[in-house]
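First the structure, in the form of structure tokens, and then the observations on it.
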Amino acid sequence: MSCGCKTSGDSSHSCGTKSANGCSSVDTCGNSYKLSVFDWLSDISPSGSKVSEYVEVRFKNDRKFYYKNVNNLPLHIGSIIAVESSPGHDIGVVSLAGELVKIQMKKKNFPEDHSLKVYRLANQKDIETWQELRKKENNIKIDARKIAYGLNLEMKITDVEYQGDGSKITFYYTADSRVDFRQLIKEYAGTFRTKIDMKQIGFRQESAKVGGIGSCGRELCCSTWLTDFRSVNTNAARYQQLSINPQKLAGQCGKLKCCLNYELDSYLDVLKDFPSSSTVLQTEKGKAFCIKIDVFKKKMWFAYVENSMAWYDLDIFEVKKLISINKKGEKAPALEDLKVIENKMVTSDLIQENSVDRFEKKNRRPNKSNMDRSRDKGPKQNDEKGQNENRSNVPSKPQNNRPQKPQNDRNRSNEQKTAQNNNVAAKPVENKNPIPNQNPNQKTENKSHKKPFKKAKKKMPPKNEGNA
């Protein structure tokens with residue numbers, strides 16, 4: 001028997017975690033449990049035809065055990081087998097086989113002498129019984145909680161696990177103090193008619209079994225990939241300069257978040273170069289104490305005892321120099337005189353995360369062809385501009401400044417016609433060499449009196465549209 005989704009041992013396949021939206025064959029899938037070990041020797045054929053002597057078998061939740069293959073069965077990842085248990089037998093899934101099993105046993109200090117036996121490959125009857133018992137576990141958990149609540153016991157039934165043959169039920173519970181459940185076991189044995197086993201787990205193990213979404217927006221580490229639970233204390237938050245706020249530092253289990261230990265080693269390596277945060281500097285203006293430190297920029301902020309509102313940032317190497325001066329019995333200079341020269345790194349925002357208008361529609365950029373045309377026309381336009389500026393300095397030829405015709409007076413007097421003819425007859429003289437001392441106002445006045453050479457044609461006035 002192999003995985004129901006036919007992907008056992010395939011590292012490129014991921015069925016997700018054991019949830020309602022995960023793999024449909026979550027009990028037999030080789031990629032649905034956080035305790036699955038990647039077999040990087042699966043593609044390499046062994047030198048001899050040896051069958052794996054030990055196999056790693058996993059059961060419900062995060063429980064797994066190592067068994068000895070005494071019958072030399074051809075086992076691989078995803079095989080459903082019947083193994084030795086007390087009493088009876090249990091049904092599990094092979095999670096690892098081959099040479100890597102011994103490495104895992106040595107890593108976890110598992111003695112080979114105490115390993116149990118593998119009986120056989122599970123038949124169809126074993127698998128049907130196993131699946132039917134799994135379906136009953138949820139109802140049994142609800143009934144077990146009611147019985148414990150009726151006995152006024154300060155405990156919480158977290159999960160229930162049936163043995164593969166149905167001869168034993170294991171109840172996992174959490175409690176803050178010691179619980180006397182002698183009467184509880186009698187009630188359970190009379191109700192469920194089987195052997196009862198009680199196991200106390202911690203709150204971190206409970207959250208790993210239940211699962212959930214963390215404050216980071218992702219599924220909990222303990223329910224996906226975290227296998228060991230290291231102790232976390234508030235010193236981890238202090239080393240990382242975090243505020244001691246229980247609401248922010250606590251996870252869904254009610255304890256400190258496991259992720260506080262992820263970067264703790266890096267912070268401790270960097271803090272080796274920092275002076276003590278309780279350093280007091282003796283300066284010319286008085287004593288200065290440390291307010292805070294910046295691990296990434298390697299800076300320390302100091303403030304005077306008399307004026308604690310004014311903060312001065314100093315580099316850690318500068319602080320060490322001031323400490324050495326104080327050790328000699330001398331006073332360090334004032335903090336205002338010490339300036340830190342920052343090396344500003346020029347960074348380019350490739351994905352434009354810092355721009356506020358990155359989601360707004362912007363004008364399209366001109367095509368390359370238009371850019372090239374504008375470049376080609378650039379020097380010509382500049383030459384034309386220069387010529388126009390030179391021409392503006394030279395007095396231009398007289399323009400045809402015709403007097404506007406009145407719109408309402410259609411009959412002109414003969415005197416206006418004779419005066420216009422006399423002006424046309426007088427040809428203006430062009431002065432190509434302008435006088436430097438001539439006023440520009442006089443030029444405009446002369447231009448206004450100059451008339452064109454051609455005789456003005458008589459045009460009919462436009463119709464009166466009421467705009468006069």
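Every chain in the structure tokens takes a letter, A first, then B, and so on in the order presented; its residues are numbered from 1, and the ligands are numbered from 1 following the presented order.
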Surrounding residues of stretch 129-143 of chain A excluding itself and chain neighbours under 4 positions, 12 Å, only C-alpha atoms, as number ranges by chain: A: 25-28, 59-60, 80-82, 89-93, 122-125, 147-150, 156-173, 187-188, 191-193
Residues of stretch 241-339 of chain A classed as strand (DSSP E) by DSSP on the backbone are to be reported as a VMD selection string. chain A and resid 280 to 283 286 to 294 299 to 304 312 to 315
Write the residues of the preceding selection, restricted to C-alpha atoms, as a compact mmCIF listing (two decimals), in the first residue's frame.
# COMPACT_ATOMS: atom_id res chain seq x y z
CA VAL A 280 28.18 56.04 32.18
CA LEU A 281 30.45 58.61 30.48
CA GLN A 282 32.15 61.41 32.41
CA THR A 283 32.05 64.43 30.07
CA GLY A 286 28.43 66.20 33.24
CA LYS A 287 27.52 62.54 33.37
CA ALA A 288 25.91 60.85 30.35
CA PHE A 289 24.15 57.50 30.47
CA CYS A 290 23.07 55.13 27.69
CA ILE A 291 19.44 55.39 26.58
CA LYS A 292 19.28 52.73 23.86
CA ILE A 293 21.41 50.94 21.29
CA ASP A 294 20.97 50.13 17.60
CA LYS A 299 25.27 53.06 17.49
CA MET A 300 24.51 54.02 21.06
CA TRP A 301 22.35 56.91 22.23
CA PHE A 302 23.46 58.88 25.29
CA ALA A 303 21.82 61.67 27.28
CA TYR A 304 22.94 63.92 30.10
CA TYR A 312 23.14 62.06 21.13
CA ASP A 313 24.00 59.09 18.91
CA LEU A 314 27.59 57.88 18.94
CA ASP A 315 29.36 55.12 17.13
Determine which residues of stretch 12-246 of chain A receive a DSSP assignment of helix (DSSP H, G or I), computed from the backbone, and state them as number ranges by chain. A: 100-107, 124-150, 182-192, 203-210, 221-224, 234-239, 246
Shortest interatomic distance to A:Gly214 - which of A:Thr227, A:Lys199, A:Lys257, A:Leu242, counting only C-alpha atoms: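 Among the listed residues, the smallest separation from A:Gly214 belongs to A:Lys257.
Among the candidates A:Pro246, A:Gly212, A:Pro275, A:Gly78, the one nearest to A:Ser324 when counting only C-alpha atoms is A:Pro275.
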Shell around A:Val210 at 10 Å using only C-alpha atoms, local window under 2 positions removed, as an MDAnalysis selection string: chainID A and resid 19 61 158:159 205:208 212 220 222:223
Could you tell me how far atom CA of A:Phe203 sits from atom CA of A:Arg178, in Å to one decimal place?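 A separation of 14.7 Å between them.
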Between atom CA of A:Leu153 and atom CA of A:Val179, what distance in Å does the model show, to one decimal?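 For atom CA of A:Leu153 relative to atom CA of A:Val179, the distance reads 7.2 Å.
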Expressed in Å to a single decimal, how great is the separation between atom CA of A:Leu256 and atom CA of A:Arg218?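 Distance between the two atoms: 17.1 Å.
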From the list A:Arg63, A:Lys248, A:Ser266, A:Leu151, which residue is nearest A:Lys186 when using only C-alpha atoms? A:Leu151
